[in-house]
$ cat target.pdb   # PDB, C-alpha atoms
ATOM      1  CA  MET A 585       8.305  50.793 -69.236  1.00  0.00           C
ATOM      2  CA  GLN A 586       8.182  53.125 -66.251  1.00  0.00           C
ATOM      3  CA  LYS A 587       6.900  51.436 -63.111  1.00  0.00           C
ATOM      4  CA  PHE A 588       3.523  52.825 -62.105  1.00  0.00           C
ATOM      5  CA  LYS A 589       3.086  53.906 -58.498  1.00  0.00           C
ATOM      6  CA  ILE A 590      -0.006  54.301 -56.367  1.00  0.00           C
ATOM      7  CA  PHE A 591      -1.026  57.909 -55.853  1.00  0.00           C
ATOM      8  CA  VAL A 592      -1.012  58.194 -52.051  1.00  0.00           C
ATOM      9  CA  PHE A 593      -2.058  61.756 -51.253  1.00  0.00           C
ATOM     10  CA  LEU A 594      -4.360  61.471 -48.236  1.00  0.00           C
ATOM     11  CA  TYR A 595      -7.319  63.797 -48.090  1.00  0.00           C
ATOM     12  CA  SER A 596      -8.940  65.331 -45.061  1.00  0.00           C
ATOM     13  CA  ILE A 597     -11.919  67.687 -45.294  1.00  0.00           C
ATOM     14  CA  GLN A 598     -11.960  71.439 -45.748  1.00  0.00           C
ATOM     15  CA  ILE A 599     -14.406  73.095 -43.391  1.00  0.00           C
ATOM     16  CA  LEU A 600     -16.188  74.986 -46.153  1.00  0.00           C
ATOM     17  CA  TYR A 601     -17.006  71.642 -47.755  1.00  0.00           C
ATOM     18  CA  LEU A 602     -19.437  71.076 -44.879  1.00  0.00           C
ATOM     19  CA  PHE A 603     -21.577  74.086 -45.772  1.00  0.00           C
ATOM     20  CA  PRO A 604     -24.358  73.680 -48.352  1.00  0.00           C
ATOM     21  CA  LEU A 605     -23.906  77.254 -49.569  1.00  0.00           C
ATOM     22  CA  TYR A 606     -20.746  79.341 -49.300  1.00  0.00           C
ATOM     23  CA  ALA A 607     -22.866  82.494 -48.974  1.00  0.00           C
ATOM     24  CA  ASP A 608     -24.320  81.132 -45.731  1.00  0.00           C
ATOM     25  CA  VAL A 609     -20.967  80.863 -43.966  1.00  0.00           C
ATOM     26  CA  LEU A 610     -21.144  84.147 -42.065  1.00  0.00           C
ATOM     27  CA  GLU A 611     -24.769  83.766 -40.993  1.00  0.00           C
ATOM     28  CA  TYR A 612     -24.239  80.157 -40.003  1.00  0.00           C
ATOM     29  CA  THR A 613     -21.097  80.750 -37.979  1.00  0.00           C
ATOM     30  CA  ARG A 614     -22.654  83.743 -36.252  1.00  0.00           C
ATOM     31  CA  ASN A 615     -25.823  81.871 -35.248  1.00  0.00           C
ATOM     32  CA  GLY A 616     -24.689  78.257 -35.049  1.00  0.00           C
ATOM     33  CA  LEU A 617     -21.189  77.784 -33.667  1.00  0.00           C
ATOM     34  CA  PHE A 618     -20.296  80.320 -31.033  1.00  0.00           C
ATOM     35  CA  LYS A 619     -21.054  80.079 -27.344  1.00  0.00           C
ATOM     36  CA  HIS A 620     -21.210  83.839 -26.822  1.00  0.00           C
ATOM     37  CA  LYS A 621     -22.925  85.360 -29.881  1.00  0.00           C
ATOM     38  CA  ALA A 622     -22.845  88.889 -28.432  1.00  0.00           C
ATOM     39  CA  THR A 623     -19.065  88.947 -28.531  1.00  0.00           C
ATOM     40  CA  ILE A 624     -18.980  88.742 -32.323  1.00  0.00           C
ATOM     41  CA  THR A 625     -21.962  90.917 -33.304  1.00  0.00           C
ATOM     42  CA  ASN A 626     -19.757  93.823 -34.376  1.00  0.00           C
ATOM     43  CA  LYS A 627     -16.999  91.711 -35.925  1.00  0.00           C
ATOM     44  CA  ASN A 628     -18.773  90.167 -38.895  1.00  0.00           C
ATOM     45  CA  ASP A 629     -16.160  91.008 -41.499  1.00  0.00           C
ATOM     46  CA  ASP A 630     -13.302  89.861 -39.273  1.00  0.00           C
ATOM     47  CA  ILE A 631     -15.057  86.592 -38.478  1.00  0.00           C
ATOM     48  CA  MET A 632     -15.702  85.890 -42.151  1.00  0.00           C
ATOM     49  CA  GLN A 633     -12.076  86.447 -43.122  1.00  0.00           C
ATOM     50  CA  ILE A 634     -10.705  84.431 -40.214  1.00  0.00           C
ATOM     51  CA  PHE A 635     -13.095  81.582 -40.899  1.00  0.00           C
ATOM     52  CA  ILE A 636     -12.142  81.462 -44.581  1.00  0.00           C
ATOM     53  CA  GLN A 637      -8.460  81.291 -43.600  1.00  0.00           C
ATOM     54  CA  CYS A 638      -9.220  78.511 -41.115  1.00  0.00           C
ATOM     55  CA  ALA A 639     -11.185  76.593 -43.751  1.00  0.00           C
ATOM     56  CA  HIS A 640      -8.067  76.624 -45.919  1.00  0.00           C
ATOM     57  CA  TYR A 641      -5.927  75.034 -43.209  1.00  0.00           C
ATOM     58  CA  ASN A 642      -4.543  78.115 -41.480  1.00  0.00           C
ATOM     59  CA  SER A 643      -4.073  76.738 -37.966  1.00  0.00           C
ATOM     60  CA  ARG A 644      -3.637  80.161 -36.358  1.00  0.00           C
ATOM     61  CA  ALA A 645      -6.946  81.329 -37.829  1.00  0.00           C
ATOM     62  CA  CYS A 646      -8.648  78.252 -36.383  1.00  0.00           C
ATOM     63  CA  GLU A 647      -7.080  78.956 -32.995  1.00  0.00           C
ATOM     64  CA  THR A 648      -8.492  82.495 -33.165  1.00  0.00           C
ATOM     65  CA  ILE A 649     -11.975  81.144 -33.858  1.00  0.00           C
ATOM     66  CA  LEU A 650     -11.731  78.864 -30.847  1.00  0.00           C
ATOM     67  CA  GLN A 651     -10.824  81.805 -28.631  1.00  0.00           C
ATOM     68  CA  TYR A 652     -14.336  83.174 -29.205  1.00  0.00           C
ATOM     69  CA  GLY A 653     -15.714  80.090 -27.478  1.00  0.00           C
ATOM     70  CA  VAL A 654     -17.654  77.400 -29.337  1.00  0.00           C
ATOM     71  CA  LEU A 655     -20.629  75.250 -28.421  1.00  0.00           C
ATOM     72  CA  THR A 656     -20.054  72.240 -26.199  1.00  0.00           C
ATOM     73  CA  ILE A 657     -20.549  68.713 -27.511  1.00  0.00           C
ATOM     74  CA  GLU A 658     -23.875  68.568 -25.680  1.00  0.00           C
ATOM     75  CA  GLN A 659     -25.055  71.819 -27.258  1.00  0.00           C
ATOM     76  CA  CYS A 660     -24.069  71.312 -30.885  1.00  0.00           C
ATOM     77  CA  GLU A 661     -26.233  69.890 -33.629  1.00  0.00           C
ATOM     78  CA  PRO A 662     -24.553  67.406 -36.043  1.00  0.00           C
ATOM     79  CA  LYS A 663     -23.530  70.081 -38.573  1.00  0.00           C
ATOM     80  CA  ASP A 664     -22.224  72.321 -35.793  1.00  0.00           C
ATOM     81  CA  CYS A 665     -20.249  69.435 -34.297  1.00  0.00           C
ATOM     82  CA  ALA A 666     -18.762  68.586 -37.701  1.00  0.00           C
ATOM     83  CA  ILE A 667     -17.487  72.112 -38.225  1.00  0.00           C
ATOM     84  CA  ILE A 668     -16.252  72.628 -34.665  1.00  0.00           C
ATOM     85  CA  GLY A 669     -14.435  69.308 -34.811  1.00  0.00           C
ATOM     86  CA  ALA A 670     -12.769  70.312 -38.056  1.00  0.00           C
ATOM     87  CA  VAL A 671     -11.714  73.654 -36.539  1.00  0.00           C
ATOM     88  CA  PHE A 672     -10.131  71.884 -33.545  1.00  0.00           C
ATOM     89  CA  SER A 673      -8.372  69.422 -35.840  1.00  0.00           C
ATOM     90  CA  ILE A 674      -6.870  72.089 -38.097  1.00  0.00           C
ATOM     91  CA  ALA A 675      -5.806  73.963 -34.955  1.00  0.00           C
ATOM     92  CA  ASN A 676      -3.750  70.816 -34.129  1.00  0.00           C
ATOM     93  CA  GLN A 677      -6.046  69.841 -31.267  1.00  0.00           C
ATOM     94  CA  ASP A 678      -7.144  66.402 -32.457  1.00  0.00           C
ATOM     95  CA  GLU A 679      -7.919  65.122 -28.966  1.00  0.00           C
ATOM     96  CA  ARG A 680     -10.539  67.854 -28.571  1.00  0.00           C
ATOM     97  CA  ALA A 681     -11.712  67.410 -32.155  1.00  0.00           C
ATOM     98  CA  MET A 682     -12.452  63.700 -31.947  1.00  0.00           C
ATOM     99  CA  PRO A 683     -15.541  63.784 -29.668  1.00  0.00           C
ATOM    100  CA  TYR A 684     -17.181  66.426 -31.903  1.00  0.00           C
ATOM    101  CA  LEU A 685     -16.325  64.523 -35.071  1.00  0.00           C
ATOM    102  CA  ARG A 686     -17.518  61.246 -33.570  1.00  0.00           C
ATOM    103  CA  LYS A 687     -20.898  62.698 -32.598  1.00  0.00           C
ATOM    104  CA  ALA A 688     -21.319  64.253 -36.035  1.00  0.00           C
ATOM    105  CA  CYS A 689     -20.277  61.011 -37.734  1.00  0.00           C
ATOM    106  CA  TYR A 690     -22.745  58.866 -35.806  1.00  0.00           C
ATOM    107  CA  MET A 691     -25.500  61.378 -36.568  1.00  0.00           C
ATOM    108  CA  GLY A 692     -25.065  61.209 -40.325  1.00  0.00           C
ATOM    109  CA  GLU A 693     -22.276  63.655 -41.205  1.00  0.00           C
ATOM    110  CA  SER A 694     -20.198  61.414 -43.468  1.00  0.00           C
ATOM    111  CA  ALA A 695     -17.471  64.041 -43.900  1.00  0.00           C
ATOM    112  CA  SER A 696     -16.792  63.827 -40.160  1.00  0.00           C
ATOM    113  CA  CYS A 697     -16.408  60.040 -40.439  1.00  0.00           C
ATOM    114  CA  THR A 698     -13.820  60.612 -43.162  1.00  0.00           C
ATOM    115  CA  HIS A 699     -12.075  63.247 -41.076  1.00  0.00           C
ATOM    116  CA  LEU A 700     -11.931  60.852 -38.105  1.00  0.00           C
ATOM    117  CA  GLY A 701     -10.441  58.215 -40.385  1.00  0.00           C
ATOM    118  CA  VAL A 702      -7.716  60.659 -41.363  1.00  0.00           C
ATOM    119  CA  VAL A 703      -7.005  61.511 -37.723  1.00  0.00           C
ATOM    120  CA  TYR A 704      -6.676  57.835 -36.797  1.00  0.00           C
ATOM    121  CA  GLN A 705      -4.602  57.065 -39.878  1.00  0.00           C
ATOM    122  CA  ASN A 706      -2.206  59.865 -39.014  1.00  0.00           C
ATOM    123  CA  ILE A 707      -1.532  58.230 -35.627  1.00  0.00           C
ATOM    124  CA  HIS A 708      -1.190  54.805 -37.313  1.00  0.00           C
ATOM    125  CA  ASN A 709      -4.379  53.358 -35.838  1.00  0.00           C
ATOM    126  CA  PHE A 710      -5.363  51.792 -39.138  1.00  0.00           C
ATOM    127  CA  ASN A 711      -8.163  49.574 -37.859  1.00  0.00           C
ATOM    128  CA  GLU A 712      -9.993  52.549 -36.353  1.00  0.00           C
ATOM    129  CA  ALA A 713      -9.355  54.506 -39.550  1.00  0.00           C
ATOM    130  CA  LYS A 714     -10.849  51.680 -41.593  1.00  0.00           C
ATOM    131  CA  GLY A 715     -13.974  51.628 -39.435  1.00  0.00           C
ATOM    132  CA  PHE A 716     -14.729  55.299 -40.005  1.00  0.00           C
ATOM    133  CA  TYR A 717     -13.811  55.184 -43.691  1.00  0.00           C
ATOM    134  CA  ASP A 718     -16.205  52.235 -44.047  1.00  0.00           C
ATOM    135  CA  ILE A 719     -19.066  54.249 -42.562  1.00  0.00           C
ATOM    136  CA  ALA A 720     -18.455  57.244 -44.819  1.00  0.00           C
ATOM    137  CA  CYS A 721     -17.816  55.144 -47.917  1.00  0.00           C
ATOM    138  CA  GLU A 722     -21.127  53.320 -47.444  1.00  0.00           C
ATOM    139  CA  GLN A 723     -22.793  56.738 -47.288  1.00  0.00           C
ATOM    140  CA  GLY A 724     -21.310  57.638 -50.668  1.00  0.00           C
ATOM    141  CA  ASP A 725     -18.276  59.712 -49.638  1.00  0.00           C
ATOM    142  CA  GLU A 726     -15.824  59.159 -52.498  1.00  0.00           C
ATOM    143  CA  VAL A 727     -12.895  60.544 -50.492  1.00  0.00           C
ATOM    144  CA  ALA A 728     -13.490  57.939 -47.771  1.00  0.00           C
ATOM    145  CA  CYS A 729     -13.626  55.160 -50.364  1.00  0.00           C
ATOM    146  CA  TYR A 730     -10.365  56.448 -51.852  1.00  0.00           C
ATOM    147  CA  ASN A 731      -8.629  56.606 -48.468  1.00  0.00           C
ATOM    148  CA  LEU A 732      -9.948  53.136 -47.620  1.00  0.00           C
ATOM    149  CA  GLY A 733      -8.443  51.817 -50.842  1.00  0.00           C
ATOM    150  CA  LEU A 734      -5.085  53.254 -49.822  1.00  0.00           C
ATOM    151  CA  LEU A 735      -5.126  51.251 -46.593  1.00  0.00           C
ATOM    152  CA  TYR A 736      -5.163  48.068 -48.677  1.00  0.00           C
ATOM    153  CA  THR A 737      -2.161  49.012 -50.814  1.00  0.00           C
ATOM    154  CA  ASN A 738       0.462  49.123 -48.085  1.00  0.00           C
ATOM    155  CA  THR A 739       1.784  46.239 -45.993  1.00  0.00           C
ATOM    156  CA  GLU A 740       2.479  48.690 -43.155  1.00  0.00           C
ATOM    157  CA  MET A 741      -1.214  49.599 -42.966  1.00  0.00           C
ATOM    158  CA  LEU A 742      -3.806  46.865 -43.631  1.00  0.00           C
ATOM    159  CA  GLY A 743      -1.671  44.813 -45.981  1.00  0.00           C
ATOM    160  CA  ASN A 744      -1.292  44.596 -49.730  1.00  0.00           C
ATOM    161  CA  LYS A 745      -4.759  43.325 -50.680  1.00  0.00           C
ATOM    162  CA  PRO A 746      -5.485  44.144 -54.336  1.00  0.00           C
ATOM    163  CA  LEU A 747      -9.054  42.817 -54.370  1.00  0.00           C
ATOM    164  CA  LEU A 748     -10.082  44.992 -51.434  1.00  0.00           C
ATOM    165  CA  SER A 749      -8.258  48.042 -52.776  1.00  0.00           C
ATOM    166  CA  ILE A 750      -9.968  47.536 -56.156  1.00  0.00           C
ATOM    167  CA  LYS A 751     -13.387  47.368 -54.472  1.00  0.00           C
ATOM    168  CA  SER A 752     -12.851  50.647 -52.599  1.00  0.00           C
ATOM    169  CA  PHE A 753     -11.143  52.515 -55.435  1.00  0.00           C
ATOM    170  CA  THR A 754     -13.924  51.429 -57.804  1.00  0.00           C
ATOM    171  CA  LYS A 755     -16.600  52.985 -55.563  1.00  0.00           C
ATOM    172  CA  SER A 756     -14.624  56.208 -55.523  1.00  0.00           C
ATOM    173  CA  CYS A 757     -13.925  56.119 -59.244  1.00  0.00           C
ATOM    174  CA  ASP A 758     -17.629  55.465 -59.914  1.00  0.00           C
ATOM    175  CA  ALA A 759     -18.200  58.842 -58.248  1.00  0.00           C
ATOM    176  CA  LEU A 760     -15.705  60.377 -60.727  1.00  0.00           C
ATOM    177  CA  TYR A 761     -12.855  60.810 -58.251  1.00  0.00           C
ATOM    178  CA  PRO A 762      -9.819  60.935 -60.583  1.00  0.00           C
ATOM    179  CA  LYS A 763      -7.121  59.777 -58.155  1.00  0.00           C
ATOM    180  CA  ALA A 764      -9.111  56.625 -57.424  1.00  0.00           C
ATOM    181  CA  CYS A 765      -9.430  55.905 -61.142  1.00  0.00           C
ATOM    182  CA  PHE A 766      -5.688  56.389 -61.529  1.00  0.00           C
ATOM    183  CA  ASN A 767      -4.956  54.044 -58.640  1.00  0.00           C
ATOM    184  CA  LEU A 768      -7.216  51.416 -60.185  1.00  0.00           C
ATOM    185  CA  GLY A 769      -5.061  51.652 -63.286  1.00  0.00           C
ATOM    186  CA  VAL A 770      -1.929  51.160 -61.180  1.00  0.00           C
ATOM    187  CA  VAL A 771      -3.366  48.158 -59.327  1.00  0.00           C
ATOM    188  CA  TYR A 772      -4.402  46.449 -62.560  1.00  0.00           C
ATOM    189  CA  ALA A 773      -1.016  47.204 -64.152  1.00  0.00           C
ATOM    190  CA  THR A 774       1.104  46.000 -61.237  1.00  0.00           C
ATOM    191  CA  GLN A 775      -0.806  43.139 -59.600  1.00  0.00           C
ATOM    192  CA  LYS A 776       0.465  39.592 -60.024  1.00  0.00           C
ATOM    193  CA  ASN A 777      -1.954  38.825 -62.869  1.00  0.00           C
ATOM    194  CA  HIS A 778      -1.565  41.980 -64.946  1.00  0.00           C
ATOM    195  CA  ASP A 779      -4.665  43.254 -66.706  1.00  0.00           C
ATOM    196  CA  MET A 780      -3.244  45.956 -68.936  1.00  0.00           C
ATOM    197  CA  PRO A 781      -6.473  46.614 -70.906  1.00  0.00           C
ATOM    198  CA  LYS A 782      -8.270  47.431 -67.630  1.00  0.00           C
ATOM    199  CA  ALA A 783      -5.299  49.541 -66.567  1.00  0.00           C
ATOM    200  CA  ARG A 784      -5.624  51.514 -69.784  1.00  0.00           C
ATOM    201  CA  PHE A 785      -9.373  51.855 -69.220  1.00  0.00           C
ATOM    202  CA  TYR A 786      -8.884  53.499 -65.822  1.00  0.00           C
ATOM    203  CA  PHE A 787      -5.884  55.613 -66.812  1.00  0.00           C
ATOM    204  CA  ASP A 788      -8.002  56.856 -69.695  1.00  0.00           C
ATOM    205  CA  LYS A 789     -10.861  57.705 -67.345  1.00  0.00           C
ATOM    206  CA  ALA A 790      -8.600  59.505 -64.866  1.00  0.00           C
ATOM    207  CA  CYS A 791      -7.042  61.421 -67.750  1.00  0.00           C
ATOM    208  CA  ASP A 792     -10.518  62.458 -68.917  1.00  0.00           C
ATOM    209  CA  LEU A 793     -11.112  63.714 -65.383  1.00  0.00           C
ATOM    210  CA  GLY A 794      -8.042  65.949 -65.614  1.00  0.00           C
ATOM    211  CA  MET A 795      -5.268  64.017 -63.872  1.00  0.00           C
ATOM    212  CA  LEU A 796      -1.962  64.660 -65.618  1.00  0.00           C
ATOM    213  CA  GLN A 797      -0.199  61.559 -64.235  1.00  0.00           C
ATOM    214  CA  ALA A 798      -2.946  59.409 -65.733  1.00  0.00           C
ATOM    215  CA  CYS A 799      -2.538  61.017 -69.150  1.00  0.00           C
ATOM    216  CA  GLU A 800       1.201  60.267 -69.029  1.00  0.00           C
ATOM    217  CA  ALA A 801       0.539  56.642 -68.036  1.00  0.00           C
ATOM    218  CA  LEU A 802      -2.025  56.344 -70.815  1.00  0.00           C
ATOM    219  CA  GLN A 803       0.510  57.490 -73.395  1.00  0.00           C
ATOM    220  CA  GLN A 804       2.925  54.788 -72.201  1.00  0.00           C
ATOM    221  CA  LEU A 805       0.292  52.107 -72.713  1.00  0.00           C
ATOM    222  CA  LYS A 806      -0.621  53.465 -76.124  1.00  0.00           C
ATOM    223  CA  LYS A 807       3.021  53.239 -77.176  1.00  0.00           C
ATOM    224  CA  MET A 808       2.985  49.626 -76.019  1.00  0.00           C
ATOM    225  CA  LYS A 809      -0.142  49.144 -78.175  1.00  0.00           C
ATOM    226  CA  VAL A 810      -2.206  48.015 -75.199  1.00  0.00           C
ATOM    227  CA  ALA A 811      -5.801  47.750 -76.345  1.00  0.00           C
ATOM    228  CA  MET A 812      -8.882  48.919 -74.490  1.00  0.00           C
ATOM    229  CA  PRO A 813     -11.112  46.191 -73.014  1.00  0.00           C
ATOM    230  CA  PRO A 814     -13.795  44.875 -75.378  1.00  0.00           C
ATOM    231  CA  ILE A 815     -16.779  47.197 -75.496  1.00  0.00           C
ATOM    232  CA  THR A 816     -18.965  44.591 -73.775  1.00  0.00           C
ATOM    233  CA  GLN A 817     -16.663  44.672 -70.738  1.00  0.00           C
ATOM    234  CA  ARG A 818     -16.652  48.420 -70.278  1.00  0.00           C
ATOM    235  CA  ARG A 819     -18.764  49.881 -67.536  1.00  0.00           C
ATOM    236  CA  GLY A 820     -19.930  53.115 -69.142  1.00  0.00           C
ATOM    237  CA  LEU A 821     -17.979  55.225 -66.687  1.00  0.00           C
ATOM    238  CA  TYR A 822     -16.269  57.538 -69.142  1.00  0.00           C
ATOM    239  CA  VAL A 823     -16.688  61.250 -69.107  1.00  0.00           C
ATOM    240  CA  HIS A 824     -16.361  60.977 -72.895  1.00  0.00           C
ATOM    241  CA  ASP A 825     -17.480  57.676 -74.389  1.00  0.00           C
ATOM    242  CA  TYR A 826     -15.483  56.153 -77.211  1.00  0.00           C
TER     243      TYR A 826
END
$ encode --input "target.pdb" --output "structure tokens"
Amino acid sequence: MQKFKIFVFLYSIQILYLFPLYADVLEYTRNGLFKHKATITNKNDDIMQIFIQCAHYNSRACETILQYGVLTIEQCEPKDCAIIGAVFSIANQDERAMPYLRKACYMGESASCTHLGVVYQNIHNFNEAKGFYDIACEQGDEVACYNLGLLYTNTEMLGNKPLLSIKSFTKSCDALYPKACFNLGVVYATQKNHDMPKARFYFDKACDLGMLQACEALQQLKKMKVAMPPITQRRGLYVHDY
């Protein structure tokens, strides 16, 4: 049987994710983020295009936005701070991003807590990363719960702690995050006391949610004739019930 591996892609946050409505991006950026609004009055179309590029991780576009001048930490509201912090971070200016993200995080912007966790994880400060992932995960951010689970799967981070990784991945999987469901399957299949029926359960769920690797793992377990858990032990988390 092929050895299953944890899916370890680490997620940050796209800036557009922080907006309630995509159609509001131009109006919001024009009225909410910039220090000198008059300088952009006649550049609406340019601003929109540059901002969209920045939101999709184009660092040069983010640098261009910053050249217009953004609100200070004292001036920005939580949503403003979250977006400005993300712009700084994508522009590879994490030191300037962190105070904005921290303010936004502590004022209820869970995506900024997750983003801070990613920043700290990238510099190998795993305890700080855990703290911010914890905050966001408790607020229902499935990406934070997923990233937190990853910290507990690697001895070079917070150690190989299956029970803690299962707890975090389960919260994320409960929110229908497919990579977390897949990783639950891997943990159950590879931990010391294998639980292959639970592994099949979560591979099946991740497959239902569209993750190809999970579908391939599920086929392996079917060939091995691994049964699903008894119906009384299932948690009703399927996209399609059986």
$ resolve_selection --input "target.pdb" --expression "the PyMOL selection byres ((chain A and resi 663-675) around 9)" --output "PyMOL selection string"
chain A and resi 597-600+602-603+613+616-617+638-639+641-647+649-650+654-657+659-662+676-689+693+695-696+699+703
$ atom_distance --input "target.pdb" --atom1 "CA of Lys714 (chain A)" --atom2 "CA of Leu732 (chain A)"
6.3 Å
$ closest_residue --input "target.pdb" --among "A:Thr737, A:Ser694, A:Gly794, A:Lys745" --to "Asn767 (chain A)" --atoms "only C-alpha atoms"
A:Thr737
$ resolve_selection --input "target.pdb" --expression "the PyMOL selection byres ((chain A and resi 753) around 10)" --output "ChimeraX atom specification"
/A:726-734,747-752,754-759,761-769,771
$ atom_distance --input "target.pdb" --atom1 "CA of Lys776 (chain A)" --atom2 "CA of Gln803 (chain A)"
22.3 Å
$ closest_residue --input "target.pdb" --among "A:Leu796, A:Gln637, A:Pro781, A:Ala790" --to "Lys809 (chain A)" --atoms "only C-alpha atoms"
A:Pro781
$ atom_distance --input "target.pdb" --atom1 "CA of Tyr717 (chain A)" --atom2 "CA of Val702 (chain A)"
8.5 Å
$ closest_residue --input "target.pdb" --among "A:Glu712, A:Asp725, A:Asp788, A:Asp718" --to "Met741 (chain A)" --atoms "only C-alpha atoms"
A:Glu712
$ build_atoms --input "target.pdb" --residues "region 754-768 of chain A" --atoms "N, CA, C and O atoms" --output "PDB file, in the frame of the given file"
ATOM      1  N   THR A 754     -12.867  51.440 -56.793  1.00  0.00           N
ATOM      2  CA  THR A 754     -13.924  51.429 -57.804  1.00  0.00           C
ATOM      3  C   THR A 754     -15.119  52.264 -57.347  1.00  0.00           C
ATOM      4  O   THR A 754     -15.702  53.016 -58.137  1.00  0.00           O
ATOM      5  N   LYS A 755     -15.501  52.160 -56.076  1.00  0.00           N
ATOM      6  CA  LYS A 755     -16.600  52.985 -55.563  1.00  0.00           C
ATOM      7  C   LYS A 755     -16.281  54.459 -55.715  1.00  0.00           C
ATOM      8  O   LYS A 755     -17.135  55.268 -56.086  1.00  0.00           O
ATOM      9  N   SER A 756     -15.035  54.814 -55.413  1.00  0.00           N
ATOM     10  CA  SER A 756     -14.624  56.208 -55.523  1.00  0.00           C
ATOM     11  C   SER A 756     -14.556  56.653 -56.976  1.00  0.00           C
ATOM     12  O   SER A 756     -14.998  57.748 -57.333  1.00  0.00           O
ATOM     13  N   CYS A 757     -14.014  55.800 -57.820  1.00  0.00           N
ATOM     14  CA  CYS A 757     -13.925  56.119 -59.244  1.00  0.00           C
ATOM     15  C   CYS A 757     -15.314  56.234 -59.876  1.00  0.00           C
ATOM     16  O   CYS A 757     -15.542  57.075 -60.741  1.00  0.00           O
ATOM     17  N   ASP A 758     -16.252  55.380 -59.426  1.00  0.00           N
ATOM     18  CA  ASP A 758     -17.629  55.465 -59.914  1.00  0.00           C
ATOM     19  C   ASP A 758     -18.227  56.849 -59.659  1.00  0.00           C
ATOM     20  O   ASP A 758     -19.104  57.305 -60.386  1.00  0.00           O
ATOM     21  N   ALA A 759     -17.746  57.487 -58.583  1.00  0.00           N
ATOM     22  CA  ALA A 759     -18.200  58.842 -58.248  1.00  0.00           C
ATOM     23  C   ALA A 759     -17.340  59.909 -58.918  1.00  0.00           C
ATOM     24  O   ALA A 759     -17.391  61.079 -58.558  1.00  0.00           O
ATOM     25  N   LEU A 760     -16.535  59.478 -59.907  1.00  0.00           N
ATOM     26  CA  LEU A 760     -15.705  60.377 -60.727  1.00  0.00           C
ATOM     27  C   LEU A 760     -14.590  61.049 -59.925  1.00  0.00           C
ATOM     28  O   LEU A 760     -14.264  62.220 -60.158  1.00  0.00           O
ATOM     29  N   TYR A 761     -13.996  60.296 -59.007  1.00  0.00           N
ATOM     30  CA  TYR A 761     -12.855  60.810 -58.251  1.00  0.00           C
ATOM     31  C   TYR A 761     -11.582  60.395 -58.984  1.00  0.00           C
ATOM     32  O   TYR A 761     -11.223  59.207 -58.992  1.00  0.00           O
ATOM     33  N   PRO A 762     -10.876  61.309 -59.640  1.00  0.00           N
ATOM     34  CA  PRO A 762      -9.819  60.935 -60.583  1.00  0.00           C
ATOM     35  C   PRO A 762      -8.668  60.146 -59.980  1.00  0.00           C
ATOM     36  O   PRO A 762      -8.137  59.232 -60.609  1.00  0.00           O
ATOM     37  N   LYS A 763      -8.260  60.478 -58.755  1.00  0.00           N
ATOM     38  CA  LYS A 763      -7.121  59.777 -58.155  1.00  0.00           C
ATOM     39  C   LYS A 763      -7.451  58.310 -57.905  1.00  0.00           C
ATOM     40  O   LYS A 763      -6.578  57.447 -57.971  1.00  0.00           O
ATOM     41  N   ALA A 764      -8.710  58.017 -57.599  1.00  0.00           N
ATOM     42  CA  ALA A 764      -9.111  56.625 -57.424  1.00  0.00           C
ATOM     43  C   ALA A 764      -9.061  55.883 -58.754  1.00  0.00           C
ATOM     44  O   ALA A 764      -8.626  54.723 -58.808  1.00  0.00           O
ATOM     45  N   CYS A 765      -9.502  56.531 -59.824  1.00  0.00           N
ATOM     46  CA  CYS A 765      -9.430  55.905 -61.142  1.00  0.00           C
ATOM     47  C   CYS A 765      -7.981  55.626 -61.522  1.00  0.00           C
ATOM     48  O   CYS A 765      -7.651  54.548 -62.042  1.00  0.00           O
ATOM     49  N   PHE A 766      -7.110  56.579 -61.249  1.00  0.00           N
ATOM     50  CA  PHE A 766      -5.688  56.389 -61.529  1.00  0.00           C
ATOM     51  C   PHE A 766      -5.137  55.205 -60.748  1.00  0.00           C
ATOM     52  O   PHE A 766      -4.426  54.358 -61.285  1.00  0.00           O
ATOM     53  N   ASN A 767      -5.469  55.144 -59.451  1.00  0.00           N
ATOM     54  CA  ASN A 767      -4.956  54.044 -58.640  1.00  0.00           C
ATOM     55  C   ASN A 767      -5.486  52.697 -59.097  1.00  0.00           C
ATOM     56  O   ASN A 767      -4.785  51.684 -58.997  1.00  0.00           O
ATOM     57  N   LEU A 768      -6.713  52.661 -59.606  1.00  0.00           N
ATOM     58  CA  LEU A 768      -7.216  51.416 -60.185  1.00  0.00           C
ATOM     59  C   LEU A 768      -6.328  50.992 -61.351  1.00  0.00           C
ATOM     60  O   LEU A 768      -6.001  49.805 -61.495  1.00  0.00           O
TER      61      LEU A 768
END
